[in-house]
Every structure is written in structure tokens, then in C-alpha cells.
>>> print(open('entry-v3.cif').read())   # mmCIF, C-alpha atoms and all ligand atoms
data_protein
#
loop_
_atom_site.label_atom_id
_atom_site.label_comp_id
_atom_site.auth_asym_id
_atom_site.auth_seq_id
_atom_site.Cartn_x
_atom_site.Cartn_y
_atom_site.Cartn_z
CA GLU Z 9 113.26 201.10 148.75
CA THR Z 10 115.27 203.62 150.75
CA ILE Z 11 118.09 205.59 149.19
CA HIS Z 12 120.56 207.34 151.46
CA ILE Z 13 121.59 210.76 150.24
CA GLN Z 14 124.81 212.09 151.65
CA THR Z 15 125.86 215.65 151.00
CA GLU Z 16 128.38 217.75 152.83
CA SER Z 17 125.70 219.69 154.66
CA LYS Z 18 123.18 216.92 155.32
CA LYS Z 19 122.31 213.23 155.26
CA TYR Z 20 118.75 212.22 154.45
CA ASN Z 21 116.64 209.44 153.01
CA VAL Z 22 114.57 209.14 149.86
CA PHE Z 23 111.78 206.61 150.31
CA VAL Z 24 110.47 205.28 146.99
CA GLY Z 25 107.46 203.03 146.52
CA GLU Z 26 103.72 202.63 146.31
CA GLY Z 27 102.07 204.05 149.39
CA VAL Z 28 105.19 205.50 151.06
CA ARG Z 29 103.10 208.57 151.94
CA ASN Z 30 101.71 206.46 154.78
CA GLU Z 31 105.12 206.52 156.44
CA ILE Z 32 105.30 210.31 156.68
CA GLY Z 33 103.39 210.35 159.96
CA THR Z 34 105.81 208.04 161.74
CA PHE Z 35 108.74 209.96 160.33
CA LEU Z 36 107.38 213.24 161.66
CA THR Z 37 106.83 211.75 165.10
CA ASN Z 38 110.28 210.22 165.28
CA HIS Z 39 112.24 212.98 163.61
CA PHE Z 40 110.82 216.18 165.07
CA GLN Z 41 110.36 216.76 168.76
CA ASP Z 42 107.73 219.40 169.55
CA LEU Z 43 106.62 219.79 165.97
CA THR Z 44 104.31 222.82 166.02
CA ARG Z 45 102.66 223.13 162.60
CA ILE Z 46 102.85 221.73 159.12
CA LEU Z 47 102.39 223.89 156.06
CA ILE Z 48 101.73 221.98 152.85
CA ILE Z 49 102.65 223.93 149.73
CA THR Z 50 101.11 222.49 146.59
CA ASP Z 51 99.63 223.55 143.23
CA GLU Z 52 96.09 223.53 141.90
CA THR Z 53 96.46 220.47 139.71
CA VAL Z 54 98.10 218.31 142.35
CA ALA Z 55 95.71 219.53 145.06
CA LYS Z 56 92.71 218.53 142.97
CA LEU Z 57 94.09 215.12 142.09
CA HIS Z 58 95.86 213.95 145.23
CA LEU Z 59 95.65 216.23 148.25
CA GLU Z 60 92.90 214.24 149.95
CA LYS Z 61 95.02 211.09 149.86
CA LEU Z 62 97.98 212.89 151.37
CA LEU Z 63 95.86 214.48 154.09
CA LEU Z 64 94.59 211.05 155.15
CA SER Z 65 98.10 210.16 156.21
CA LEU Z 66 98.62 213.47 158.04
CA LYS Z 67 95.33 213.67 159.91
CA PRO Z 68 96.54 214.21 163.48
CA TRP Z 69 98.51 217.31 162.45
CA GLU Z 70 95.75 219.28 160.72
CA PRO Z 71 98.15 220.82 158.22
CA ILE Z 72 97.76 224.32 156.85
CA ILE Z 73 97.50 224.33 153.07
CA TYR Z 74 98.78 226.83 150.56
CA THR Z 75 97.82 226.19 146.93
CA GLY Z 76 99.64 228.07 144.19
CA PRO Z 77 99.12 228.07 140.44
CA SER Z 78 100.27 224.97 138.51
CA GLY Z 79 103.61 224.72 136.79
CA GLU Z 80 106.28 227.36 136.32
CA LYS Z 81 103.83 230.16 137.28
CA THR Z 82 104.27 229.10 140.87
CA LYS Z 83 107.95 230.14 140.94
CA THR Z 84 107.27 233.88 141.07
CA PHE Z 85 107.90 236.57 143.70
CA GLU Z 86 104.14 236.97 144.17
CA VAL Z 87 103.56 233.32 144.98
CA TYR Z 88 106.67 233.28 147.18
CA TYR Z 89 105.34 236.33 149.05
CA ASP Z 90 101.89 234.77 149.44
CA SER Z 91 103.33 231.54 150.82
CA LEU Z 92 105.34 233.51 153.37
CA SER Z 93 102.24 235.46 154.33
CA THR Z 94 100.38 232.19 154.87
CA ALA Z 95 103.23 230.97 157.05
CA LEU Z 96 103.22 234.17 159.12
CA GLU Z 97 99.44 234.39 159.43
CA ASN Z 98 99.37 230.85 160.75
CA ARG Z 99 102.27 231.53 163.10
CA LEU Z 100 104.66 228.94 161.78
CA ASP Z 101 107.78 228.98 163.92
CA ARG Z 102 111.22 227.42 163.88
CA LYS Z 103 109.75 224.10 165.01
CA SER Z 104 107.31 223.99 162.10
CA VAL Z 105 107.79 221.97 158.94
CA ILE Z 106 107.03 222.79 155.31
CA LEU Z 107 105.89 219.92 153.19
CA SER Z 108 106.28 220.35 149.47
CA PHE Z 109 103.65 218.47 147.49
CA GLY Z 110 103.99 218.59 143.71
CA GLY Z 111 106.43 218.59 140.81
CA GLY Z 112 109.75 220.34 140.48
CA ALA Z 113 108.19 223.79 140.35
CA VAL Z 114 106.41 223.39 143.69
CA GLY Z 115 109.51 221.74 145.13
CA ASP Z 116 111.75 224.63 144.11
CA LEU Z 117 109.31 227.20 145.50
CA SER Z 118 108.65 225.42 148.81
CA GLY Z 119 112.30 224.71 149.39
CA PHE Z 120 113.11 228.38 148.92
CA VAL Z 121 110.29 229.40 151.25
CA ALA Z 122 111.63 226.93 153.83
CA SER Z 123 115.20 228.15 153.38
CA SER Z 124 114.29 231.78 153.99
CA TYR Z 125 111.37 231.71 156.44
CA MET Z 126 112.84 232.69 159.83
CA ARG Z 127 116.30 232.01 158.35
CA GLY Z 128 115.36 228.45 157.55
CA ILE Z 129 112.92 225.85 158.83
CA HIS Z 130 112.79 222.14 158.02
CA PHE Z 131 111.16 220.87 154.88
CA ILE Z 132 110.09 217.57 153.38
CA GLN Z 133 109.61 216.79 149.73
CA VAL Z 134 106.69 214.72 148.46
CA PRO Z 135 107.29 214.77 144.71
CA THR Z 136 104.53 213.94 142.24
CA THR Z 137 106.29 214.01 138.85
CA ILE Z 138 108.94 211.83 137.22
CA LEU Z 139 111.07 214.90 136.70
CA ALA Z 140 111.12 215.44 140.44
CA HIS Z 141 113.38 212.39 140.89
CA ASP Z 142 115.93 214.91 139.71
CA SER Z 143 114.71 218.15 141.28
CA ALA Z 144 113.73 216.83 144.73
CA VAL Z 145 117.23 215.51 145.36
CA GLY Z 146 120.29 217.69 145.67
CA GLY Z 147 119.06 220.78 147.46
CA LYS Z 148 118.88 223.39 144.73
CA VAL Z 149 115.82 225.54 145.46
CA ALA Z 150 114.78 228.71 143.65
CA ILE Z 151 112.21 231.01 142.18
CA ASN Z 152 112.46 232.89 138.89
CA HIS Z 153 113.22 236.55 138.25
CA PRO Z 154 111.71 238.15 135.15
CA LEU Z 155 115.30 238.48 133.93
CA GLY Z 156 116.24 234.87 134.45
CA LYS Z 157 115.06 231.44 135.52
CA ASN Z 158 116.14 230.12 138.94
CA MET Z 159 118.09 233.30 139.59
CA ILE Z 160 116.89 233.75 143.19
CA GLY Z 161 117.54 230.74 145.34
CA ALA Z 162 119.62 228.74 147.76
CA PHE Z 163 121.22 225.40 148.42
CA TYR Z 164 118.92 223.86 151.01
CA GLN Z 165 118.49 220.13 151.58
CA PRO Z 166 115.22 218.53 152.70
CA GLU Z 167 114.91 216.34 155.82
CA ALA Z 168 113.49 213.52 153.72
CA VAL Z 169 111.86 212.76 150.38
CA PHE Z 170 108.75 210.55 150.16
CA TYR Z 171 108.32 209.46 146.56
CA ASP Z 172 104.96 207.74 146.37
CA LEU Z 173 104.58 206.12 142.95
CA GLU Z 174 100.80 206.20 143.19
CA PHE Z 175 100.84 209.97 142.66
CA ILE Z 176 102.67 209.62 139.37
CA THR Z 177 99.91 207.60 137.66
CA THR Z 178 97.97 210.74 136.71
CA LEU Z 179 100.80 212.49 134.84
CA PRO Z 180 99.97 213.61 131.29
CA ASP Z 181 102.08 212.20 128.44
CA GLN Z 182 104.26 215.22 127.91
CA GLU Z 183 105.14 215.36 131.60
CA ILE Z 184 106.10 211.67 131.53
CA ARG Z 185 108.39 212.44 128.60
CA SER Z 186 109.78 215.48 130.35
CA GLY Z 187 110.81 213.51 133.42
CA PHE Z 188 112.04 210.49 131.54
CA ALA Z 189 114.49 212.60 129.55
CA GLU Z 190 116.34 213.19 132.84
CA VAL Z 191 116.33 209.46 133.54
CA ILE Z 192 117.96 208.88 130.15
CA LYS Z 193 120.42 211.70 130.92
CA HIS Z 194 121.41 210.06 134.20
CA ALA Z 195 122.07 206.79 132.37
CA LEU Z 196 124.15 208.47 129.64
CA ILE Z 197 126.45 210.35 132.00
CA PHE Z 198 127.07 207.57 134.49
CA ASP Z 199 125.88 204.07 133.77
CA PRO Z 200 126.20 202.29 130.39
CA THR Z 201 124.55 199.15 131.81
CA PHE Z 202 121.50 201.11 132.93
CA TYR Z 203 121.45 202.77 129.52
CA GLU Z 204 121.39 199.33 127.83
CA TRP Z 205 118.59 198.28 130.17
CA LEU Z 206 116.56 201.33 129.19
CA ARG Z 207 117.17 200.70 125.49
CA ASN Z 208 116.06 197.08 125.83
CA ASN Z 209 113.11 197.58 128.14
CA VAL Z 210 111.51 200.91 127.42
CA ASP Z 211 109.70 201.24 124.11
CA ASP Z 212 106.50 202.93 125.21
CA LEU Z 213 106.47 205.43 128.04
CA ASN Z 214 102.73 204.94 128.58
CA LEU Z 215 103.14 201.23 129.14
CA LEU Z 216 105.88 201.32 131.75
CA THR Z 217 105.23 198.79 134.49
CA LEU Z 218 105.46 199.90 138.08
CA ASP Z 219 108.67 197.88 138.40
CA GLN Z 220 110.22 199.55 135.38
CA LEU Z 221 109.22 202.96 136.61
CA SER Z 222 110.51 202.42 140.11
CA ASN Z 223 113.76 200.89 138.84
CA SER Z 224 114.27 203.92 136.57
CA LEU Z 225 113.60 206.44 139.31
CA ILE Z 226 115.74 204.66 141.89
CA LYS Z 227 118.67 204.37 139.47
CA GLY Z 228 118.25 208.03 138.47
CA ILE Z 229 118.20 209.21 142.09
CA LYS Z 230 121.29 207.17 142.94
CA ILE Z 231 123.18 208.61 140.00
CA LYS Z 232 122.16 212.15 140.90
CA ASN Z 233 123.42 211.43 144.43
CA GLU Z 234 126.80 210.32 143.07
CA PHE Z 235 127.36 213.76 141.60
CA VAL Z 236 125.74 215.82 144.34
CA SER Z 237 127.41 214.04 147.24
CA GLN Z 238 130.82 214.90 145.88
CA ASP Z 239 129.96 218.43 144.83
CA GLU Z 240 126.98 219.93 146.64
CA ARG Z 241 127.60 223.47 145.39
CA GLU Z 242 128.50 222.72 141.79
CA THR Z 243 132.12 223.76 141.70
CA GLY Z 244 133.10 220.67 139.72
CA ILE Z 245 131.53 217.40 138.65
CA ARG Z 246 127.95 218.39 139.51
CA ALA Z 247 128.10 220.34 136.25
CA TYR Z 248 127.97 217.03 134.35
CA LEU Z 249 124.30 216.85 135.28
CA ASN Z 250 123.84 219.65 132.76
CA LEU Z 251 124.21 217.34 129.75
CA GLY Z 252 121.77 218.65 127.13
CA HIS Z 253 120.83 221.64 129.26
CA THR Z 254 122.84 224.41 127.59
CA LEU Z 255 120.93 224.16 124.34
CA GLY Z 256 117.88 222.77 126.18
CA HIS Z 257 117.47 225.86 128.34
CA ALA Z 258 117.88 228.11 125.30
CA ILE Z 259 115.15 226.23 123.42
CA GLU Z 260 112.87 226.24 126.46
CA SER Z 261 113.25 229.94 126.94
CA GLU Z 262 112.92 230.86 123.24
CA MET Z 263 109.78 228.70 122.97
CA GLY Z 264 108.26 230.28 126.09
CA TYR Z 265 107.96 228.17 129.21
CA GLY Z 266 104.88 226.02 129.14
CA ASN Z 267 104.94 225.39 125.40
CA PHE Z 268 107.71 222.85 125.51
CA THR Z 269 108.48 220.88 128.64
CA HIS Z 270 111.90 221.08 130.24
CA GLY Z 271 112.79 217.47 129.49
CA GLU Z 272 111.58 217.63 125.89
CA ALA Z 273 113.90 220.59 125.30
CA VAL Z 274 116.75 218.85 127.12
CA MET Z 275 116.32 215.79 124.87
CA ILE Z 276 117.05 217.93 121.80
CA GLY Z 277 120.01 219.40 123.68
CA MET Z 278 121.30 215.91 124.48
CA ILE Z 279 121.09 214.83 120.86
CA PHE Z 280 123.07 217.93 119.90
CA ALA Z 281 125.65 217.21 122.62
CA LEU Z 282 125.95 213.59 121.49
CA LYS Z 283 126.54 214.71 117.93
CA LEU Z 284 129.26 217.12 119.09
CA SER Z 285 130.74 214.34 121.23
CA LYS Z 286 131.06 212.10 118.19
CA GLU Z 287 132.70 214.81 116.13
CA LEU Z 288 134.99 216.34 118.76
CA LEU Z 289 135.74 213.48 121.14
CA ASP Z 290 135.29 210.40 118.94
CA LEU Z 291 132.49 209.11 121.10
CA SER Z 292 131.52 205.71 119.81
CA PHE Z 293 127.73 205.76 119.84
CA HIS Z 294 124.94 204.84 117.42
CA LEU Z 295 123.30 208.25 117.30
CA GLU Z 296 120.88 207.28 114.52
CA GLU Z 297 119.56 204.40 116.58
CA PHE Z 298 119.26 206.63 119.63
CA ILE Z 299 117.26 209.17 117.67
CA GLU Z 300 114.97 206.46 116.31
CA TRP Z 301 114.40 205.15 119.82
CA VAL Z 302 113.52 208.49 121.38
CA GLU Z 303 111.30 209.42 118.43
CA GLN Z 304 109.42 206.21 119.09
CA LEU Z 305 109.04 207.39 122.70
CA GLY Z 306 107.42 210.56 121.38
CA TYR Z 307 110.28 213.06 121.67
CA LYS Z 308 111.02 215.75 119.14
CA THR Z 309 114.62 215.48 118.00
CA LYS Z 310 115.16 218.68 116.02
CA ILE Z 311 115.27 222.33 116.96
CA PRO Z 312 111.81 223.79 116.18
CA ASP Z 313 111.94 225.42 112.73
CA HIS Z 314 111.02 228.95 113.61
CA LEU Z 315 113.74 229.45 116.24
CA SER Z 316 116.70 231.57 115.21
CA PHE Z 317 120.16 230.06 115.70
CA GLU Z 318 121.57 233.47 116.58
CA LYS Z 319 119.04 233.95 119.34
CA LEU Z 320 119.64 230.47 120.69
CA LEU Z 321 123.36 231.19 120.73
CA ALA Z 322 122.79 234.47 122.56
CA LYS Z 323 120.71 232.63 125.17
CA MET Z 324 123.40 229.98 125.59
CA LYS Z 325 125.94 232.73 126.21
CA GLN Z 326 123.84 234.11 129.06
CA ASP Z 327 123.98 230.71 130.69
CA LYS Z 328 126.36 230.33 133.60
CA LYS Z 329 128.54 228.11 131.45
CA SER Z 330 129.94 230.73 129.10
CA VAL Z 331 133.57 231.82 129.24
CA GLY Z 332 134.81 234.65 126.98
CA ASP Z 333 133.60 233.87 123.49
CA SER Z 334 133.31 230.16 124.04
CA ILE Z 335 130.63 228.17 125.75
CA ARG Z 336 131.32 225.23 128.01
CA PHE Z 337 129.41 222.14 126.98
CA VAL Z 338 129.02 218.81 128.70
CA LEU Z 339 130.03 216.17 126.18
CA LEU Z 340 130.72 212.45 126.47
CA GLU Z 341 134.06 210.80 125.82
CA GLU Z 342 132.41 207.47 126.32
CA LEU Z 343 129.04 206.42 127.66
CA GLY Z 344 129.24 207.13 131.38
CA MET Z 345 132.26 209.43 130.95
CA PRO Z 346 131.25 213.08 130.69
CA LYS Z 347 133.69 215.89 130.02
CA LEU Z 348 133.48 219.69 129.97
CA GLN Z 349 134.54 221.09 126.64
CA LYS Z 350 134.86 224.70 125.55
CA ILE Z 351 133.41 225.33 122.12
CA SER Z 352 133.73 228.63 120.29
CA GLU Z 353 130.68 230.60 119.23
CA THR Z 354 131.59 230.38 115.57
CA LYS Z 355 131.91 226.63 115.73
CA LEU Z 356 128.61 226.35 117.58
CA LEU Z 357 126.74 228.45 115.08
CA GLU Z 358 128.08 226.25 112.31
CA GLU Z 359 127.04 223.12 114.20
CA LEU Z 360 123.57 224.48 114.91
CA LYS Z 361 123.07 225.24 111.23
CA SER Z 362 123.99 221.71 110.23
CA PHE Z 363 122.04 220.03 113.06
P1 LIG G 1 105.99 221.11 137.44
O1 LIG G 1 106.09 221.11 138.90
O2 LIG G 1 105.69 222.38 136.77
O3 LIG G 1 104.93 219.99 137.01
C1 LIG G 1 104.55 219.89 135.66
C2 LIG G 1 103.03 219.93 135.51
O4 LIG G 1 102.49 218.70 135.97
C3 LIG G 1 102.37 221.03 136.36
O5 LIG G 1 101.33 221.59 135.61
C4 LIG G 1 101.83 220.27 137.56
O6 LIG G 1 100.69 220.88 138.11
C5 LIG G 1 101.48 218.94 136.94
N1 LIG G 1 101.54 217.79 137.85
C6 LIG G 1 102.39 217.57 138.87
N2 LIG G 1 102.18 216.38 139.42
C7 LIG G 1 101.16 215.82 138.74
C8 LIG G 1 100.50 214.57 138.83
N3 LIG G 1 100.86 213.65 139.73
N4 LIG G 1 99.49 214.32 137.97
C9 LIG G 1 99.14 215.24 137.04
N5 LIG G 1 99.73 216.42 136.89
C10 LIG G 1 100.74 216.71 137.75
O7 LIG G 1 107.29 220.63 136.73
P2 LIG G 1 108.33 219.43 136.79
O8 LIG G 1 108.46 219.00 135.42
O9 LIG G 1 108.06 218.43 137.84
O10 LIG G 1 109.63 220.23 137.23
C11 LIG G 1 110.10 221.32 136.48
C12 LIG G 1 110.65 222.35 137.40
O11 LIG G 1 111.68 221.75 138.17
C13 LIG G 1 111.28 223.55 136.71
O12 LIG G 1 110.86 224.72 137.37
C14 LIG G 1 112.77 223.34 136.88
O13 LIG G 1 113.48 224.55 136.95
C15 LIG G 1 112.82 222.59 138.17
N6 LIG G 1 114.01 221.76 138.33
C16 LIG G 1 114.73 221.88 139.45
C17 LIG G 1 115.83 221.09 139.66
C18 LIG G 1 116.59 221.21 140.93
O14 LIG G 1 117.64 220.61 141.07
N7 LIG G 1 116.08 221.95 141.89
C19 LIG G 1 116.23 220.16 138.71
C20 LIG G 1 115.46 220.03 137.56
C21 LIG G 1 114.34 220.84 137.37
ZN ZN G 2 116.94 219.26 133.90
#
>>> encode(input="entry-v3.cif", output="C-alpha cells", more="lines below")
Ligand code: NAD
Ligand code: ZN
Amino acid sequence: ETIHIQTESKKYNVFVGEGVRNEIGTFLTNHFQDLTRILIITDETVAKLHLEKLLLSLKPWEPIIYTGPSGEKTKTFEVYYDSLSTALENRLDRKSVILSFGGGAVGDLSGFVASSYMRGIHFIQVPTTILAHDSAVGGKVAINHPLGKNMIGAFYQPEAVFYDLEFITTLPDQEIRSGFAEVIKHALIFDPTFYEWLRNNVDDLNLLTLDQLSNSLIKGIKIKNEFVSQDERETGIRAYLNLGHTLGHAIESEMGYGNFTHGEAVMIGMIFALKLSKELLDLSFHLEEFIEWVEQLGYKTKIPDHLSFEKLLAKMKQDKKSVGDSIRFVLLEELGMPKLQKISETKLLEELKSF
């Protein structure tokens, strides 16, 4: 299936399916005249598992390969610098293409390299995680600063996304959960029917059929596109994509990245936001049933015991969403109807304590 992404700055396609990597070659030939070199940026885990398969479909181009560390460790200044050095040493020019091959971390890094190398060269995303249905679409690219995650970055859209479902089959359980939390998020903020479908069809994330997986990813990508196409630079409704993320980011950062996946933290944040939505906006929603369902899927649903509420609150205040002494939360008025709501620190602390 092909999904058309339309943002203000660019139009591009997301190709989803088994074996779509085999179409990259034709795309390169048709899309880029005088393509000089290809630099593949990947990480150790993905390189070991899947690079050979990808290279088979890129043979005539003899790509240059840069392999960074796996996971969040790849979004550092050092790795960014090394990737640029590789690009320079191999004389990539403005007619070269960067191909990002990995999860959201590799995608964010490669996109930022592409956006800044020689003031910007083309890049293509070949995502390998479920989470990347979210991160590979929309054009936010970034690396981390020791003082804050994603603080150094750009808005930079890819030329195309090739989402080959065969790569996803090797994902460990917690990474499946991490990515699927964003699928559930997309359903909650936009599509009650899709949410019902998930509730009725997904009861074990390890037993998802290929059809279920591809349906979930395609729906998720289309919903992300709805928000991004109307608000590429997040001045308005794109913020709704942050459901669960205010508390989620705080938990992630207090736990230390790598100990708790992004999506697992966001799931706890979503449960908190749903609870607030019921109390403050009369959202009609069976929260107990939701919690039972996601527990069955293997998610944690409570804030880890040893985390301090005060510290979490302080972290939430640092988030871009804070205004004065309140914090702006994404809540739901109804399923599929998100709303930004300011909540005071005192109220939040109270709510955290009773969560
Ligand atoms: P990731 O890239 O760190 O991948 C998670 C782990 O899975 C890594 O250890 C990776 O090596 C491994 N992995 C990747 N593909 C695999 C495969 N096919 N089989 C086995 N293992 C595989 O993380 P992620 O969860 O994909 O993405 C998280 C990152 O995405 C964060 O840095 C987050 O900030 C970013 N993000 C960006 C956006 C955006 O809009 N740009 C949106 C959401 C998240
Ligand atoms: Zn997220």
C-alpha cells in the first residue's frame, strides 16, 4: 500500500508492505537524476540482522555504510560528527542521498545529518521498528544534547519512506510494545472505529498477523499525516500527537533512557491523561477495561514506585508545554476529540499522588 504524505514543504510517499525494499532501486533511478553516492546510516543491531538483505536491493550503487551504536546512544554529537566525517571522506555531494536504516533513533540522526550536510541533501527512510511508523513520518529530525532530548534538530522531510514489514519480524517484545503504544495513541486521538478494531482484534502483541500489523501501521501513518499535513511546524493541532507524552517523557527521563522504552512510558502517560480527561472533561470511557486490556498486552500501567512525584513534576515543567505555573496537557473530550488543557501544578501533584 502507498500512503501519500502532504505537508506544506513537501509531498512524498510511504510504501508499506512485505518486500517493499525491492522497489527502492527503481525509485532511486526514477527520482534522482545523476545520483552520485548513497550513504546508508544504520545501527549495530539492525546492520547485523538486516543489512545484507537491504544491500541486495541496492547492489548497483555500492552504498557507503556508516554504523552507529544501537538505540538512543546514536543520537549524540559524537555520532553525528562521525557520520558527517564519513560523508566528507567519501565525498558525498549535493546529488548524493542518505538512506536511514533503523528505528526512530537512527531515523532522527540520519535526517539531521541529511538536513545539515552541505545545507541539506536528500534522504530516504527505511524504518525497521513499529515505533518508526510515527517517527519516520512528519519530518522532525534531531539529536540529543546532554541538557535535553531532541534539543538540536530541524524540520526536514524525507523523499520517501520504504516500510518493509519483513524487517519488523525480529523486534524484541518490549520494542513491539513501545511502537504499539503509539498506534493506540493514534487511534485514541483520531479514530474511535480504529480504536474499537484494536480492542476487538489485538489481544497478544506477539501473535499479530501480518495483516493486523500492516493495517495498524497504515492507519497510524494516515492519522499522523492528518495532523502533520495541517501543521508541519507544530503551532497548533500537531500538539495533539503528544497525548501521554508530557508525563511519559518525564518517566522516561527519570528512569534513564534505555531502562523503559518510549512507548511503555507513554502508555502510563496516556492512562494518566485519560483519567484526567474523565475527571475534568467528562470523557465517557471505560478506563478500567482499557487498563485491563493493556496489562494483558504486557504494559505497565502505574508510575514506577521509586520515582518522586516532585521530580516528575519538575521534568514536566521543563517540557515545551509549560506556561507559567500550569502545564498544558493533551486530554480527550471524546474518543477522537483531543483538547489542550492547562492544569495547575498543585492540581497535578494531587492527581499524581492519587494515580
Ligand atoms: P530505536 O531506533 O532506538 O530502536 C529501538 C531498539 O531496537 C534499538 O536497540 C535498535 O537497534 C533495535 N532495532 C531496530 N530495528 C530492529 C529490528 N528490526 N529488529 C531488532 N531490533 C531492532 O528506537 P525506536 O523505538 O524505533 O524510536 C525511538 C526514537 O524515536 C527516540 O529517539 C525518539 O525520540 C524518536 N522519535 C522521533 C519521532 C519523530 O517525530 N521524529 C517521533 C517519535 C519518536
Ligand atoms: Zn512518542
>>> closest_residue(input="entry-v3.cif", among="Z:Thr10, Z:Ala150, Z:Leu348, Z:Leu63", to="Z:Gly25", atoms="all atoms listed in the file")
Z:Thr10
>>> closest_residue(input="entry-v3.cif", among="Z:Leu47, Z:Val145, Z:Lys56, Z:Ala140", to="Z:Glu97", atoms="all atoms listed in the file")
Z:Leu47
>>> closest_residue(input="entry-v3.cif", among="Z:Thr217, Z:Gln14, Z:Ser352, Z:Thr75", to="ligand LIG 1 (chain G)", atoms="all atoms listed in the file")
Z:Thr75
>>> atom_distance(input="entry-v3.cif", atom1="atom CA of Z:Lys310", atom2="atom CA of Z:Lys227")
27.7 Å
>>> closest_residue(input="entry-v3.cif", among="Z:Ala322, Z:Asn152, Z:Arg207, Z:Phe363", to="Z:Glu297", atoms="all atoms listed in the file")
Z:Arg207
>>> closest_residue(input="entry-v3.cif", among="Z:Thr84, Z:Asn214, Z:Ser186, Z:Gln165", to="Z:Thr137", atoms="only C-alpha atoms")
Z:Ser186
>>> residues_near_ligand(input="entry-v3.cif", ligand="ligand LIG 1 (chain G)", cutoff="7 Å", atoms="only C-alpha atoms and all ligand atoms", output="CSV table (one decimal) with C-alpha atoms, keeping the file's coordinate frame")
chain,number,residue,atom,x,y,z
Z,51,ASP,CA,99.6,223.6,143.2
Z,52,GLU,CA,96.1,223.5,141.9
Z,53,THR,CA,96.5,220.5,139.7
Z,54,VAL,CA,98.1,218.3,142.4
Z,57,LEU,CA,94.1,215.1,142.1
Z,78,SER,CA,100.3,225.0,138.5
Z,79,GLY,CA,103.6,224.7,136.8
Z,80,GLU,CA,106.3,227.4,136.3
Z,110,GLY,CA,104.0,218.6,143.7
Z,111,GLY,CA,106.4,218.6,140.8
Z,112,GLY,CA,109.8,220.3,140.5
Z,113,ALA,CA,108.2,223.8,140.4
Z,114,VAL,CA,106.4,223.4,143.7
Z,116,ASP,CA,111.8,224.6,144.1
Z,136,THR,CA,104.5,213.9,142.2
Z,137,THR,CA,106.3,214.0,138.8
Z,138,ILE,CA,108.9,211.8,137.2
Z,139,LEU,CA,111.1,214.9,136.7
Z,140,ALA,CA,111.1,215.4,140.4
Z,142,ASP,CA,115.9,214.9,139.7
Z,143,SER,CA,114.7,218.2,141.3
Z,144,ALA,CA,113.7,216.8,144.7
Z,145,VAL,CA,117.2,215.5,145.4
Z,146,GLY,CA,120.3,217.7,145.7
Z,147,GLY,CA,119.1,220.8,147.5
Z,148,LYS,CA,118.9,223.4,144.7
Z,149,VAL,CA,115.8,225.5,145.5
Z,158,ASN,CA,116.1,230.1,138.9
Z,175,PHE,CA,100.8,210.0,142.7
Z,176,ILE,CA,102.7,209.6,139.4
Z,177,THR,CA,99.9,207.6,137.7
Z,178,THR,CA,98.0,210.7,136.7
Z,179,LEU,CA,100.8,212.5,134.8
Z,180,PRO,CA,100.0,213.6,131.3
Z,183,GLU,CA,105.1,215.4,131.6
Z,186,SER,CA,109.8,215.5,130.4
Z,187,GLY,CA,110.8,213.5,133.4
Z,270,HIS,CA,111.9,221.1,130.2
>>> residues_around(input="entry-v3.cif", residues="Z:Ala122", least_positions_apart="5", cutoff="9 Å", atoms="all atoms listed in the file", output="ChimeraX atom specification")
/Z:105-106,117,127-131,164
>>> closest_residue(input="entry-v3.cif", among="Z:Ile259, Z:Leu343, Z:Val191, Z:Val274", to="ligand ZN 2 (chain G)", atoms="all atoms listed in the file")
Z:Val274
>>> residues_around(input="entry-v3.cif", residues="Z:Phe198", least_positions_apart="6", cutoff="7 Å", atoms="all atoms listed in the file", output="PyMOL selection string")
chain Z and resi 231+344-345
>>> residues_around(input="entry-v3.cif", residues="stretch 235-251 of chain Z", least_positions_apart="4", cutoff="7 Å", atoms="only C-alpha atoms", output="tab-separated table (two decimals) with C-alpha atoms, in the coordinates of the input")
chain	number	residue	atom	x	y	z
Z	14	GLN	CA	124.81	212.09	151.65
Z	15	THR	CA	125.86	215.65	151.00
Z	16	GLU	CA	128.38	217.75	152.83
Z	146	GLY	CA	120.29	217.69	145.67
Z	193	LYS	CA	120.42	211.70	130.92
Z	231	ILE	CA	123.18	208.61	140.00
Z	278	MET	CA	121.30	215.91	124.48
Z	338	VAL	CA	129.02	218.81	128.70
Z	339	LEU	CA	130.03	216.17	126.18
Z	346	PRO	CA	131.25	213.08	130.69
>>> atom_distance(input="entry-v3.cif", atom1="atom CA of Z:Ser123", atom2="atom CA of Z:Glu167")
12.1 Å
>>> residues_around(input="entry-v3.cif", residues="Z:Leu320", least_positions_apart="2", cutoff="10 Å", atoms="all atoms listed in the file", output="PDB file with C-alpha atoms, keeping the file's coordinate frame")
ATOM      1  CA  THR Z 254     122.840 224.410 127.590  1.00  0.00           C
ATOM      2  CA  LEU Z 255     120.930 224.160 124.340  1.00  0.00           C
ATOM      3  CA  GLY Z 256     117.880 222.770 126.180  1.00  0.00           C
ATOM      4  CA  HIS Z 257     117.470 225.860 128.340  1.00  0.00           C
ATOM      5  CA  ALA Z 258     117.880 228.110 125.300  1.00  0.00           C
ATOM      6  CA  ILE Z 259     115.150 226.230 123.420  1.00  0.00           C
ATOM      7  CA  GLU Z 260     112.870 226.240 126.460  1.00  0.00           C
ATOM      8  CA  SER Z 261     113.250 229.940 126.940  1.00  0.00           C
ATOM      9  CA  GLU Z 262     112.920 230.860 123.240  1.00  0.00           C
ATOM     10  CA  ILE Z 311     115.270 222.330 116.960  1.00  0.00           C
ATOM     11  CA  LEU Z 315     113.740 229.450 116.240  1.00  0.00           C
ATOM     12  CA  SER Z 316     116.700 231.570 115.210  1.00  0.00           C
ATOM     13  CA  PHE Z 317     120.160 230.060 115.700  1.00  0.00           C
ATOM     14  CA  GLU Z 318     121.570 233.470 116.580  1.00  0.00           C
ATOM     15  CA  ALA Z 322     122.790 234.470 122.560  1.00  0.00           C
ATOM     16  CA  LYS Z 323     120.710 232.630 125.170  1.00  0.00           C
ATOM     17  CA  MET Z 324     123.400 229.980 125.590  1.00  0.00           C
ATOM     18  CA  LYS Z 325     125.940 232.730 126.210  1.00  0.00           C
ATOM     19  CA  LEU Z 357     126.740 228.450 115.080  1.00  0.00           C
ATOM     20  CA  LEU Z 360     123.570 224.480 114.910  1.00  0.00           C
TER      21      LEU Z 360
END
>>> residues_around(input="entry-v3.cif", residues="Z:Ala195", least_positions_apart="4", cutoff="10 Å", atoms="all atoms listed in the file", output="number ranges by chain")
Z: 189-191, 199-206, 224, 227-228, 231, 343-344
